[in-house]
2 protein chains.
Amino acid sequence: MKIGVIGGGQLGLLTILEGKKLGVDFAVLDKDPNAPASKIADAWYPPEKVKSFVASCDVLTYEFEHIDPRIVEAAEKSGKLLSGTLPLLLKQDKIEEKRFLKKKGYPVPDFWAAENGAEALRLAKELRRPLILKISRFGYDGKGQFVVKSEKDLKAVAAQVAPVKERFLIEELVAFEMEVSCVGVADRKRAVRFFPITQNDHVDGILLKNRTLDQPAPVLVKQVQRHLKGLVNDLDLVGLLAVEFFVGKKGEIWINEYAPRPHNTGHYTLDGAETSQFEALVRVLVDLPTGATGLLAPCGMVNILGLDMKELDLKKILSVEGARLYW
Amino acid sequence: MKIGVIGGGQLGLLTILEGKKLGVDFAVLDKDPNAPASKIADAWYPPEKVKSFVASCDVLTYEFEHIDPRIVEAAEKSGKLLSGTLPLLLKQDKIEEKRFLKKKGYPVPDFWAAENGAEALRLAKELRRPLILKISRFGYDGKGQFVVKSEKDLKAVAAQVAPVKERFLIEELVAFEMEVSCVGVADRKRAVRFFPITQNDHVDGILLKNRTLDQPAPVLVKQVQRHLKGLVNDLDLVGLLAVEFFVGKKGEIWINEYAPRPHNTGHYTLDGAETSQFEALVRVLVDLPTGATGLLAPCGMVNILGLDMKELDLKKILSVEGARLYW
């Protein structure tokens, strides 16, 4: 079996490292032959060779969402993309993602759409409450996001927001007690297994660290899993689905966003779960049983971004008993 | 950092898969560019390019012992082989390995050396006790080994043994209750950490399966670790050392053999230990802390040999909860 991975980043690399153990072959589509996953794959294809890439693989997956529409189309046409393109297309526009979630009855923070930066500023001024302004397309890891809690904040971001010609999603900043997420894996029959829930700490929209919840409230687990399973069905998804939630003081929850792929809040599964999220994905792709998703030991993850390996004191980091590094 | 791995087999593959997580680069020396580790390495070199291979790497290791002396010499000369060549040279001749162990005071079964097959048969006849006859050089996985428990056995193997011109190691078959092994990892200062002890089942000299001991007798653990640590010092070894033992009914132990590399009785560490044997080796090679070697969960391993993947009912195997496959 050969799996085609669209995208050559770290999530693709870890999928390949886990899949290699199972004897699976991989091709990667990415413009960079030296991207982490491109380098380790059995075959690498640049985007202009998407047809050969698709033809060479038995099944396709992706490790990020912002994929060129022509590539999505070629993947879709081949019938080798198990999930269809809905989960992908929605992820390309935050307004559409939010509207979909609301339409399907999932709890989401109040939100509004603005045609451009100027309109977003006007709306934010009228709404007079804590908000987050997000450029609707192509944002990730907090890029293109502006938190506005006061008139002062609004003035501070105005110069950056006003000239933007893109649409904005404006979202109420809900008063949450914690952020949690859960990764689920759906097999070809849409049977879903859930990895343990983590509590996440974001700074400026970027995941800084997370840890598995020691004794999650059963009512929280039930809600999280119900929504995740519901979304698998509504998106008609096969493979991984990660969902991020805000949890309020009274236990109320809102969906923040979802990702139809391996997720950085699930990295801990590489060491802490009976099967990693990456292996679970590979198993589904090659039509093998998903594997157990239970927790082996409580664990946490710290995200390292924007540093060269030489800038890290690896000896100190790895002298922590039980600590492991994924570069 | 770039690690050079001599040998392109499965143990090399798993070393690379684990090392890639740590951001380490790998070159492999093997005659076959399609060997498991050759395919996934950042660079592959055939044996005739050993000089370029050695020059391109910061540090060297090996994943099997039966290495061409010219390669051993080139590796040794470079100063990049942390362990020196003694552990390797001894492994190339079972008689020398046994003599070394005995000389250093380790408990080993009684043994004798024969110049060739005919002499081995004569000696075996005289000795009149359960024996195992092993061709002294180049044997592995039970190849070139002959169990002789009776006159009848001796007659049965005579036709195969008599014409062999190689030297034979003749070893008493000790009456053991179980076979156990332990993998240890020595850092550059020869500080040794021990992975949990496993009980192993061999059939015809080949490891069929093993499992971690639930509650190993403290006296057994103490002896095993003492011998392993002693051998690290006597071999002046850096990296992994696996030692196989026979355990008698009264708790007496004998060393069967050692391996100065990742060992198949330590495969369970990939999922069952806080750090795998492969990652521990990589950490030592790139001078990082060894990592914790504790058990995460009791586990066992079944060795699959000589079958094509298509001959296996993978769906059935992987429907066992918690089961993982390494091809």
# chains A, B, ... in the order shown; residues from 1 in each chain; ligands from 1

$ interface_residues --of "chain A" --to "chain B" --cutoff "8 Å" --atoms "only C-alpha atoms" --output "MDAnalysis selection string"
chainID A and resid 14 17 20:23 39:42 271 274:275 288:292 296:297 314:315 318:327

$ residues_around --residues "Ile135 of chain B" --least-positions-apart "5" --cutoff "12 Å" --atoms "only C-alpha atoms" --output "PyMOL selection string"
chain B and resi 92-95+113-117+120+140+142-147+160-171

$ select_by_dssp --residues "segment 44-221 of chain A" --states "helix (DSSP H, G or I)" --output "short mmCIF file (atom, residue, chain, number, x, y, z; two decimals) with all heavy atoms, in the first residue's frame"
data_model
loop_
_atom_site.label_atom_id
_atom_site.label_comp_id
_atom_site.auth_asym_id
_atom_site.auth_seq_id
_atom_site.Cartn_x
_atom_site.Cartn_y
_atom_site.Cartn_z
N PRO A 47 4.00 20.24 -6.70
CA PRO A 47 2.58 20.45 -7.00
C PRO A 47 2.23 20.30 -8.48
O PRO A 47 1.16 19.80 -8.81
CB PRO A 47 2.33 21.88 -6.52
CG PRO A 47 3.35 22.10 -5.44
CD PRO A 47 4.56 21.33 -5.87
N GLU A 48 3.15 20.68 -9.36
CA GLU A 48 2.82 20.59 -10.79
C GLU A 48 2.73 19.14 -11.27
O GLU A 48 2.20 18.86 -12.34
CB GLU A 48 3.80 21.41 -11.65
CG GLU A 48 5.26 21.05 -11.51
CD GLU A 48 5.98 21.78 -10.38
OE1 GLU A 48 5.30 22.23 -9.42
OE2 GLU A 48 7.22 21.89 -10.44
N LYS A 49 3.22 18.22 -10.45
CA LYS A 49 3.11 16.79 -10.83
C LYS A 49 2.01 16.09 -10.04
O LYS A 49 2.10 14.90 -9.73
CB LYS A 49 4.45 16.09 -10.58
CG LYS A 49 5.59 16.68 -11.39
CD LYS A 49 6.46 15.59 -12.02
CE LYS A 49 7.36 16.17 -13.08
NZ LYS A 49 8.73 15.66 -13.01
N VAL A 50 0.97 16.85 -9.70
CA VAL A 50 -0.08 16.29 -8.85
C VAL A 50 -0.73 15.05 -9.48
O VAL A 50 -1.09 14.10 -8.78
CB VAL A 50 -1.15 17.36 -8.49
CG1 VAL A 50 -1.82 17.93 -9.73
CG2 VAL A 50 -2.17 16.80 -7.51
N LYS A 51 -0.84 15.05 -10.82
CA LYS A 51 -1.48 13.89 -11.47
C LYS A 51 -0.68 12.60 -11.25
O LYS A 51 -1.24 11.56 -10.96
CB LYS A 51 -1.66 14.15 -12.97
CG LYS A 51 -2.92 14.95 -13.27
CD LYS A 51 -3.21 14.98 -14.75
CE LYS A 51 -4.43 15.87 -15.02
NZ LYS A 51 -4.58 16.16 -16.46
N SER A 52 0.64 12.69 -11.44
CA SER A 52 1.48 11.51 -11.22
C SER A 52 1.43 11.10 -9.75
O SER A 52 1.38 9.90 -9.43
CB SER A 52 2.94 11.80 -11.57
OG SER A 52 3.03 12.50 -12.77
N PHE A 53 1.45 12.09 -8.87
CA PHE A 53 1.37 11.81 -7.44
C PHE A 53 0.10 11.02 -7.11
O PHE A 53 0.17 9.95 -6.50
CB PHE A 53 1.38 13.15 -6.68
CG PHE A 53 0.95 13.08 -5.24
CD1 PHE A 53 1.78 12.56 -4.26
CD2 PHE A 53 -0.32 13.55 -4.86
CE1 PHE A 53 1.37 12.51 -2.93
CE2 PHE A 53 -0.73 13.50 -3.54
CZ PHE A 53 0.11 12.98 -2.58
N VAL A 54 -1.03 11.53 -7.57
CA VAL A 54 -2.32 10.88 -7.29
C VAL A 54 -2.35 9.47 -7.88
O VAL A 54 -2.77 8.52 -7.23
CB VAL A 54 -3.48 11.74 -7.83
CG1 VAL A 54 -4.78 10.96 -7.86
CG2 VAL A 54 -3.64 13.01 -6.97
N ALA A 55 -1.84 9.35 -9.11
CA ALA A 55 -1.86 8.05 -9.78
C ALA A 55 -0.98 7.02 -9.07
O ALA A 55 -1.28 5.83 -9.07
CB ALA A 55 -1.41 8.21 -11.24
N SER A 56 0.09 7.48 -8.44
CA SER A 56 1.06 6.55 -7.83
C SER A 56 0.59 6.00 -6.48
O SER A 56 1.20 5.08 -5.95
CB SER A 56 2.41 7.25 -7.64
OG SER A 56 2.37 8.13 -6.52
N PRO A 69 -6.79 24.75 -4.68
CA PRO A 69 -8.02 24.10 -5.15
C PRO A 69 -7.80 23.10 -6.28
O PRO A 69 -8.52 22.11 -6.38
CB PRO A 69 -8.87 25.28 -5.64
CG PRO A 69 -8.36 26.47 -4.89
CD PRO A 69 -6.90 26.23 -4.66
N ARG A 70 -6.78 23.34 -7.12
CA ARG A 70 -6.54 22.38 -8.21
C ARG A 70 -6.07 21.03 -7.67
O ARG A 70 -6.37 19.98 -8.22
CB ARG A 70 -5.49 22.95 -9.18
CG ARG A 70 -6.09 24.00 -10.13
CD ARG A 70 -4.98 24.80 -10.77
NE ARG A 70 -4.17 25.48 -9.75
CZ ARG A 70 -3.14 26.31 -10.02
NH1 ARG A 70 -2.78 26.52 -11.26
NH2 ARG A 70 -2.47 26.89 -9.05
N ILE A 71 -5.32 21.10 -6.56
CA ILE A 71 -4.86 19.85 -5.95
C ILE A 71 -6.01 19.13 -5.28
O ILE A 71 -6.19 17.91 -5.42
CB ILE A 71 -3.71 20.14 -4.94
CG1 ILE A 71 -2.47 20.62 -5.71
CG2 ILE A 71 -3.40 18.91 -4.10
CD1 ILE A 71 -1.37 21.17 -4.84
N VAL A 72 -6.84 19.91 -4.58
CA VAL A 72 -8.03 19.32 -3.95
C VAL A 72 -8.89 18.63 -5.01
O VAL A 72 -9.35 17.50 -4.83
CB VAL A 72 -8.87 20.40 -3.22
CG1 VAL A 72 -10.16 19.80 -2.66
CG2 VAL A 72 -8.05 21.05 -2.09
N GLU A 73 -9.05 19.29 -6.15
CA GLU A 73 -9.89 18.74 -7.22
C GLU A 73 -9.32 17.43 -7.76
O GLU A 73 -10.05 16.45 -7.95
CB GLU A 73 -10.01 19.78 -8.35
CG GLU A 73 -11.17 19.48 -9.30
CD GLU A 73 -11.09 20.33 -10.57
OE1 GLU A 73 -10.55 21.47 -10.50
OE2 GLU A 73 -11.54 19.84 -11.62
N ALA A 74 -8.01 17.42 -7.99
CA ALA A 74 -7.37 16.21 -8.51
C ALA A 74 -7.49 15.06 -7.51
O ALA A 74 -7.74 13.91 -7.89
CB ALA A 74 -5.90 16.48 -8.81
N ALA A 75 -7.35 15.37 -6.23
CA ALA A 75 -7.46 14.35 -5.19
C ALA A 75 -8.89 13.80 -5.14
O ALA A 75 -9.12 12.59 -5.11
CB ALA A 75 -7.05 14.93 -3.84
N GLU A 76 -9.84 14.72 -5.18
CA GLU A 76 -11.26 14.37 -5.11
C GLU A 76 -11.67 13.46 -6.27
O GLU A 76 -12.31 12.43 -6.09
CB GLU A 76 -12.08 15.67 -5.11
CG GLU A 76 -13.58 15.50 -5.32
CD GLU A 76 -14.29 15.03 -4.08
OE1 GLU A 76 -13.60 14.70 -3.10
OE2 GLU A 76 -15.54 14.95 -4.10
N LYS A 77 -11.24 13.89 -7.47
CA LYS A 77 -11.60 13.15 -8.69
C LYS A 77 -11.13 11.71 -8.66
O LYS A 77 -11.76 10.83 -9.22
CB LYS A 77 -10.96 13.84 -9.89
CG LYS A 77 -11.89 14.79 -10.64
CD LYS A 77 -11.21 15.17 -11.94
CE LYS A 77 -12.05 16.18 -12.73
NZ LYS A 77 -11.26 16.72 -13.85
N SER A 78 -9.97 11.48 -8.04
CA SER A 78 -9.36 10.15 -8.05
C SER A 78 -10.15 9.15 -7.22
O SER A 78 -9.98 7.95 -7.35
CB SER A 78 -7.94 10.22 -7.51
OG SER A 78 -7.96 10.46 -6.11
N LEU A 86 -15.46 18.27 1.73
CA LEU A 86 -16.19 19.21 2.60
C LEU A 86 -15.38 19.66 3.81
O LEU A 86 -15.28 20.87 4.06
CB LEU A 86 -17.53 18.59 3.04
CG LEU A 86 -18.36 19.45 3.99
CD1 LEU A 86 -18.82 20.74 3.31
CD2 LEU A 86 -19.56 18.68 4.52
N PRO A 87 -14.77 18.73 4.58
CA PRO A 87 -14.01 19.17 5.76
C PRO A 87 -12.89 20.14 5.39
O PRO A 87 -12.58 21.05 6.16
CB PRO A 87 -13.40 17.87 6.32
CG PRO A 87 -14.14 16.76 5.67
CD PRO A 87 -14.72 17.26 4.40
N LEU A 88 -12.31 19.97 4.21
CA LEU A 88 -11.23 20.83 3.74
C LEU A 88 -11.73 22.20 3.33
O LEU A 88 -11.18 23.23 3.70
CB LEU A 88 -10.61 20.21 2.49
CG LEU A 88 -9.37 19.38 2.63
CD1 LEU A 88 -8.86 19.01 1.25
CD2 LEU A 88 -8.30 20.15 3.38
N LEU A 89 -12.79 22.20 2.51
CA LEU A 89 -13.30 23.45 1.96
C LEU A 89 -13.77 24.38 3.08
O LEU A 89 -13.50 25.57 3.06
CB LEU A 89 -14.42 23.18 0.96
CG LEU A 89 -13.95 22.41 -0.29
CD1 LEU A 89 -15.12 22.09 -1.20
CD2 LEU A 89 -12.87 23.20 -1.05
N LEU A 90 -14.45 23.81 4.07
CA LEU A 90 -14.91 24.63 5.19
C LEU A 90 -13.74 25.26 5.93
O LEU A 90 -13.83 26.39 6.40
CB LEU A 90 -15.72 23.77 6.17
CG LEU A 90 -17.10 23.32 5.71
CD1 LEU A 90 -17.71 22.37 6.73
CD2 LEU A 90 -18.02 24.53 5.49
N LYS A 91 -12.63 24.52 6.03
CA LYS A 91 -11.48 25.02 6.78
C LYS A 91 -10.78 26.17 6.06
O LYS A 91 -9.96 26.85 6.64
CB LYS A 91 -10.46 23.90 7.02
CG LYS A 91 -10.84 22.90 8.06
CD LYS A 91 -11.17 23.53 9.40
CE LYS A 91 -9.99 24.19 10.07
NZ LYS A 91 -10.36 24.80 11.36
N LYS A 94 -12.97 30.78 7.61
CA LYS A 94 -13.44 30.67 9.00
C LYS A 94 -14.93 31.02 9.14
O LYS A 94 -15.61 30.50 10.01
CB LYS A 94 -12.61 31.58 9.91
CG LYS A 94 -11.17 31.12 10.10
CD LYS A 94 -10.46 32.02 11.11
CE LYS A 94 -8.95 31.93 10.94
NZ LYS A 94 -8.40 30.59 11.08
N ILE A 95 -15.41 31.95 8.29
CA ILE A 95 -16.84 32.31 8.37
C ILE A 95 -17.69 31.10 7.97
O ILE A 95 -18.65 30.75 8.65
CB ILE A 95 -17.15 33.52 7.46
CG1 ILE A 95 -16.41 34.77 7.98
CG2 ILE A 95 -18.66 33.78 7.43
CD1 ILE A 95 -16.46 35.96 7.03
N GLU A 96 -17.28 30.44 6.91
CA GLU A 96 -18.04 29.26 6.45
C GLU A 96 -17.99 28.14 7.49
O GLU A 96 -18.99 27.45 7.72
CB GLU A 96 -17.51 28.76 5.10
CG GLU A 96 -17.72 29.73 3.95
CD GLU A 96 -19.16 30.22 3.85
OE1 GLU A 96 -20.09 29.40 3.99
OE2 GLU A 96 -19.36 31.44 3.65
N GLU A 97 -16.84 27.95 8.10
CA GLU A 97 -16.69 26.92 9.14
C GLU A 97 -17.68 27.21 10.28
O GLU A 97 -18.42 26.32 10.72
CB GLU A 97 -15.25 26.91 9.67
CG GLU A 97 -15.01 25.88 10.79
CD GLU A 97 -13.59 25.97 11.40
OE1 GLU A 97 -12.78 26.81 10.95
OE2 GLU A 97 -13.30 25.18 12.33
N LYS A 98 -17.70 28.45 10.73
CA LYS A 98 -18.58 28.84 11.85
C LYS A 98 -20.05 28.70 11.48
O LYS A 98 -20.86 28.22 12.27
CB LYS A 98 -18.27 30.30 12.21
CG LYS A 98 -17.96 30.61 13.66
CD LYS A 98 -16.90 29.77 14.24
CE LYS A 98 -16.57 30.13 15.66
NZ LYS A 98 -15.27 29.57 16.05
N ARG A 99 -20.39 29.15 10.26
CA ARG A 99 -21.79 29.05 9.83
C ARG A 99 -22.24 27.59 9.77
O ARG A 99 -23.36 27.25 10.14
CB ARG A 99 -21.96 29.70 8.44
CG ARG A 99 -21.98 31.21 8.52
CD ARG A 99 -22.13 31.83 7.13
NE ARG A 99 -22.25 33.28 7.25
CZ ARG A 99 -21.97 34.14 6.26
NH1 ARG A 99 -21.58 33.69 5.08
NH2 ARG A 99 -22.11 35.44 6.46
N PHE A 100 -21.35 26.74 9.29
CA PHE A 100 -21.66 25.31 9.20
C PHE A 100 -21.93 24.74 10.59
O PHE A 100 -22.92 24.04 10.82
CB PHE A 100 -20.49 24.58 8.54
CG PHE A 100 -20.66 23.09 8.45
CD1 PHE A 100 -21.36 22.51 7.41
CD2 PHE A 100 -20.11 22.24 9.43
CE1 PHE A 100 -21.52 21.13 7.33
CE2 PHE A 100 -20.28 20.86 9.36
CZ PHE A 100 -20.98 20.31 8.31
N LEU A 101 -21.03 25.07 11.52
CA LEU A 101 -21.18 24.54 12.88
C LEU A 101 -22.50 25.02 13.49
O LEU A 101 -23.23 24.25 14.13
CB LEU A 101 -20.01 24.99 13.76
CG LEU A 101 -18.64 24.38 13.42
CD1 LEU A 101 -17.52 25.04 14.23
CD2 LEU A 101 -18.65 22.86 13.68
N LYS A 102 -22.82 26.30 13.30
CA LYS A 102 -24.04 26.86 13.88
C LYS A 102 -25.27 26.21 13.25
O LYS A 102 -26.20 25.81 13.95
CB LYS A 102 -24.07 28.37 13.68
CG LYS A 102 -25.17 29.04 14.50
CD LYS A 102 -25.11 30.54 14.40
CE LYS A 102 -26.28 31.14 15.20
NZ LYS A 102 -26.35 32.59 15.02
N LYS A 103 -25.24 26.10 11.92
CA LYS A 103 -26.37 25.51 11.19
C LYS A 103 -26.65 24.09 11.67
O LYS A 103 -27.79 23.66 11.78
CB LYS A 103 -26.05 25.51 9.69
CG LYS A 103 -27.25 25.26 8.80
CD LYS A 103 -26.86 25.34 7.33
CE LYS A 103 -26.47 23.97 6.80
NZ LYS A 103 -25.96 23.99 5.43
N GLY A 117 -11.74 44.90 6.48
CA GLY A 117 -11.22 45.42 7.75
C GLY A 117 -12.00 46.61 8.26
O GLY A 117 -12.31 46.70 9.47
N ALA A 118 -12.32 47.55 7.37
CA ALA A 118 -13.02 48.76 7.80
C ALA A 118 -14.37 48.41 8.41
O ALA A 118 -14.75 48.91 9.48
CB ALA A 118 -13.19 49.70 6.60
N GLU A 119 -15.10 47.49 7.74
CA GLU A 119 -16.40 47.10 8.26
C GLU A 119 -16.25 46.35 9.59
O GLU A 119 -17.07 46.51 10.50
CB GLU A 119 -17.13 46.21 7.24
CG GLU A 119 -18.61 46.01 7.62
CD GLU A 119 -19.33 45.01 6.70
OE1 GLU A 119 -18.98 44.93 5.51
OE2 GLU A 119 -20.22 44.30 7.22
N ALA A 120 -15.19 45.56 9.68
CA ALA A 120 -14.94 44.81 10.92
C ALA A 120 -14.75 45.78 12.08
O ALA A 120 -15.29 45.58 13.19
CB ALA A 120 -13.71 43.92 10.77
N LEU A 121 -14.03 46.87 11.85
CA LEU A 121 -13.79 47.87 12.90
C LEU A 121 -15.11 48.55 13.30
O LEU A 121 -15.37 48.75 14.49
CB LEU A 121 -12.76 48.90 12.43
CG LEU A 121 -11.32 48.39 12.31
CD1 LEU A 121 -10.44 49.45 11.65
CD2 LEU A 121 -10.74 48.01 13.68
N ARG A 122 -15.90 48.89 12.30
CA ARG A 122 -17.21 49.51 12.59
C ARG A 122 -18.07 48.60 13.46
O ARG A 122 -18.61 49.01 14.48
CB ARG A 122 -17.95 49.79 11.27
CG ARG A 122 -17.71 51.19 10.69
CD ARG A 122 -18.80 51.57 9.68
NE ARG A 122 -19.01 50.59 8.62
CZ ARG A 122 -18.25 50.49 7.52
NH1 ARG A 122 -17.21 51.29 7.34
NH2 ARG A 122 -18.52 49.59 6.60
N LEU A 123 -18.16 47.34 13.02
CA LEU A 123 -18.98 46.37 13.75
C LEU A 123 -18.49 46.20 15.19
O LEU A 123 -19.28 46.18 16.14
CB LEU A 123 -18.91 45.01 13.04
CG LEU A 123 -20.13 44.61 12.24
CD1 LEU A 123 -19.83 43.37 11.41
CD2 LEU A 123 -21.32 44.32 13.17
N ALA A 124 -17.17 46.07 15.31
CA ALA A 124 -16.58 45.86 16.64
C ALA A 124 -16.92 47.02 17.57
O ALA A 124 -17.20 46.84 18.76
CB ALA A 124 -15.07 45.71 16.52
N LYS A 125 -16.91 48.24 16.99
CA LYS A 125 -17.21 49.43 17.80
C LYS A 125 -18.66 49.38 18.28
O LYS A 125 -18.96 49.66 19.44
CB LYS A 125 -16.97 50.68 16.96
CG LYS A 125 -16.74 51.92 17.81
CD LYS A 125 -16.24 53.08 17.00
CE LYS A 125 -16.12 54.31 17.91
NZ LYS A 125 -15.69 55.49 17.14
N GLU A 126 -19.56 49.01 17.39
CA GLU A 126 -20.98 48.90 17.74
C GLU A 126 -21.23 47.83 18.80
O GLU A 126 -22.03 48.02 19.70
CB GLU A 126 -21.79 48.48 16.51
CG GLU A 126 -22.16 49.59 15.56
CD GLU A 126 -22.83 49.02 14.31
OE1 GLU A 126 -23.62 48.04 14.44
OE2 GLU A 126 -22.51 49.52 13.23
N LEU A 127 -20.55 46.70 18.63
CA LEU A 127 -20.89 45.52 19.46
C LEU A 127 -20.50 45.73 20.93
O LEU A 127 -21.10 45.12 21.82
CB LEU A 127 -20.21 44.26 18.91
CG LEU A 127 -20.82 43.76 17.59
CD1 LEU A 127 -19.89 42.78 16.88
CD2 LEU A 127 -22.18 43.08 17.85
N GLU A 151 -12.14 49.82 23.93
CA GLU A 151 -11.97 50.90 22.93
C GLU A 151 -10.49 51.10 22.63
O GLU A 151 -10.09 51.34 21.50
CB GLU A 151 -12.55 52.21 23.50
CG GLU A 151 -14.06 52.28 23.51
CD GLU A 151 -14.63 52.89 22.21
OE1 GLU A 151 -13.85 53.48 21.44
OE2 GLU A 151 -15.84 52.73 21.99
N LYS A 152 -9.70 50.98 23.69
CA LYS A 152 -8.26 51.19 23.55
C LYS A 152 -7.64 50.14 22.61
O LYS A 152 -6.87 50.47 21.71
CB LYS A 152 -7.61 51.09 24.94
CG LYS A 152 -6.26 51.79 25.05
CD LYS A 152 -5.69 51.62 26.46
CE LYS A 152 -4.20 51.37 26.41
NZ LYS A 152 -3.67 50.77 27.64
N ASP A 153 -8.04 48.88 22.83
CA ASP A 153 -7.57 47.79 21.94
C ASP A 153 -7.96 48.09 20.49
O ASP A 153 -7.18 47.87 19.57
CB ASP A 153 -8.22 46.45 22.33
CG ASP A 153 -7.64 45.89 23.62
OD1 ASP A 153 -6.63 46.43 24.13
OD2 ASP A 153 -8.21 44.90 24.13
N LEU A 154 -9.19 48.56 20.34
CA LEU A 154 -9.73 48.80 19.01
C LEU A 154 -8.86 49.84 18.29
O LEU A 154 -8.52 49.66 17.11
CB LEU A 154 -11.18 49.28 19.13
CG LEU A 154 -12.08 49.13 17.90
CD1 LEU A 154 -12.11 47.70 17.41
CD2 LEU A 154 -13.49 49.59 18.24
N LYS A 155 -8.50 50.89 19.01
CA LYS A 155 -7.64 51.93 18.43
C LYS A 155 -6.27 51.34 18.09
O LYS A 155 -5.68 51.66 17.05
CB LYS A 155 -7.48 53.10 19.39
CG LYS A 155 -8.64 54.09 19.28
CD LYS A 155 -8.52 55.21 20.30
CE LYS A 155 -9.85 55.98 20.37
NZ LYS A 155 -10.04 56.63 21.67
N ALA A 156 -5.79 50.47 18.96
CA ALA A 156 -4.43 49.91 18.78
C ALA A 156 -4.33 49.06 17.51
O ALA A 156 -3.28 49.03 16.86
CB ALA A 156 -4.03 49.10 20.01
N VAL A 157 -5.41 48.35 17.16
CA VAL A 157 -5.33 47.45 16.00
C VAL A 157 -5.83 48.10 14.72
O VAL A 157 -5.68 47.54 13.62
CB VAL A 157 -6.11 46.12 16.23
CG1 VAL A 157 -5.60 45.44 17.51
CG2 VAL A 157 -7.60 46.35 16.28
N ALA A 158 -6.45 49.29 14.84
CA ALA A 158 -7.14 49.91 13.69
C ALA A 158 -6.22 50.05 12.47
O ALA A 158 -6.63 49.73 11.35
CB ALA A 158 -7.71 51.27 14.09
N ALA A 159 -5.00 50.49 12.69
CA ALA A 159 -4.10 50.73 11.56
C ALA A 159 -3.79 49.44 10.80
O ALA A 159 -3.62 49.46 9.58
CB ALA A 159 -2.81 51.37 12.06
N GLN A 160 -3.74 48.32 11.53
CA GLN A 160 -3.47 47.04 10.86
C GLN A 160 -4.71 46.47 10.18
O GLN A 160 -4.62 45.85 9.13
CB GLN A 160 -2.99 46.01 11.90
CG GLN A 160 -1.56 46.18 12.37
CD GLN A 160 -1.25 45.13 13.42
OE1 GLN A 160 -0.99 43.98 13.10
NE2 GLN A 160 -1.31 45.51 14.69
N VAL A 161 -5.86 46.66 10.83
CA VAL A 161 -7.09 46.02 10.35
C VAL A 161 -7.73 46.80 9.20
O VAL A 161 -8.18 46.21 8.21
CB VAL A 161 -8.10 45.84 11.52
CG1 VAL A 161 -9.45 45.35 11.01
CG2 VAL A 161 -7.53 44.88 12.57
N PRO A 218 -17.08 13.53 33.99
CA PRO A 218 -17.77 12.65 33.04
C PRO A 218 -18.72 13.42 32.11
O PRO A 218 -18.84 13.08 30.92
CB PRO A 218 -18.55 11.70 33.95
CG PRO A 218 -17.78 11.69 35.23
CD PRO A 218 -17.21 13.06 35.38
N VAL A 219 -19.34 14.48 32.63
CA VAL A 219 -20.26 15.25 31.80
C VAL A 219 -19.51 15.98 30.68
O VAL A 219 -20.00 16.11 29.56
CB VAL A 219 -21.11 16.23 32.66
CG1 VAL A 219 -20.21 17.21 33.40
CG2 VAL A 219 -22.14 16.97 31.83
N LEU A 220 -18.29 16.39 30.97
CA LEU A 220 -17.46 17.04 29.95
C LEU A 220 -17.07 16.03 28.87
O LEU A 220 -17.21 16.29 27.67
CB LEU A 220 -16.19 17.65 30.59
CG LEU A 220 -15.19 18.25 29.60
CD1 LEU A 220 -15.76 19.48 28.90
CD2 LEU A 220 -13.87 18.60 30.30
N VAL A 221 -16.60 14.87 29.32
CA VAL A 221 -16.20 13.82 28.37
C VAL A 221 -17.36 13.48 27.44
O VAL A 221 -17.20 13.36 26.22
CB VAL A 221 -15.72 12.56 29.12
CG1 VAL A 221 -15.40 11.44 28.14
CG2 VAL A 221 -14.49 12.88 29.97
#

$ residues_around --residues "segment 242-250 of chain B" --least-positions-apart "2" --cutoff "7 Å" --atoms "only C-alpha atoms" --output "PyMOL selection string"
chain B and resi 175-184+228+240+252-260+263

$ residues_around --residues "Leu237 of chain B" --least-positions-apart "4" --cutoff "8 Å" --atoms "only C-alpha atoms" --output "list in words"
Leu82, Ser83, Gly84, Pro87, Ala186, Arg190, Val232, Asn233, Leu241 and Pro260 of chain B

$ write_last_selection --atoms "C-alpha atoms" --output "PDB file, in the first residue's frame"
ATOM      1  CA  LEU B  82      32.541   5.164  20.456  1.00  0.00           C
ATOM      2  CA  SER B  83      32.893   1.586  21.683  1.00  0.00           C
ATOM      3  CA  GLY B  84      36.092   0.489  20.049  1.00  0.00           C
ATOM      4  CA  PRO B  87      32.793  -6.029  21.470  1.00  0.00           C
ATOM      5  CA  ALA B 186      25.831   2.945  28.673  1.00  0.00           C
ATOM      6  CA  ARG B 190      29.881   4.274  31.124  1.00  0.00           C
ATOM      7  CA  VAL B 232      29.938  -2.836  29.830  1.00  0.00           C
ATOM      8  CA  ASN B 233      33.173  -2.135  31.674  1.00  0.00           C
ATOM      9  CA  LEU B 241      24.396  -4.006  25.413  1.00  0.00           C
ATOM     10  CA  PRO B 260      26.487  -4.856  21.571  1.00  0.00           C
TER      11      PRO B 260
END

$ select_by_dssp --residues "segment 85-140 of chain B" --states "strand (DSSP E or B)" --output "VMD selection string"
chain B and resid 111 to 114 131 to 135
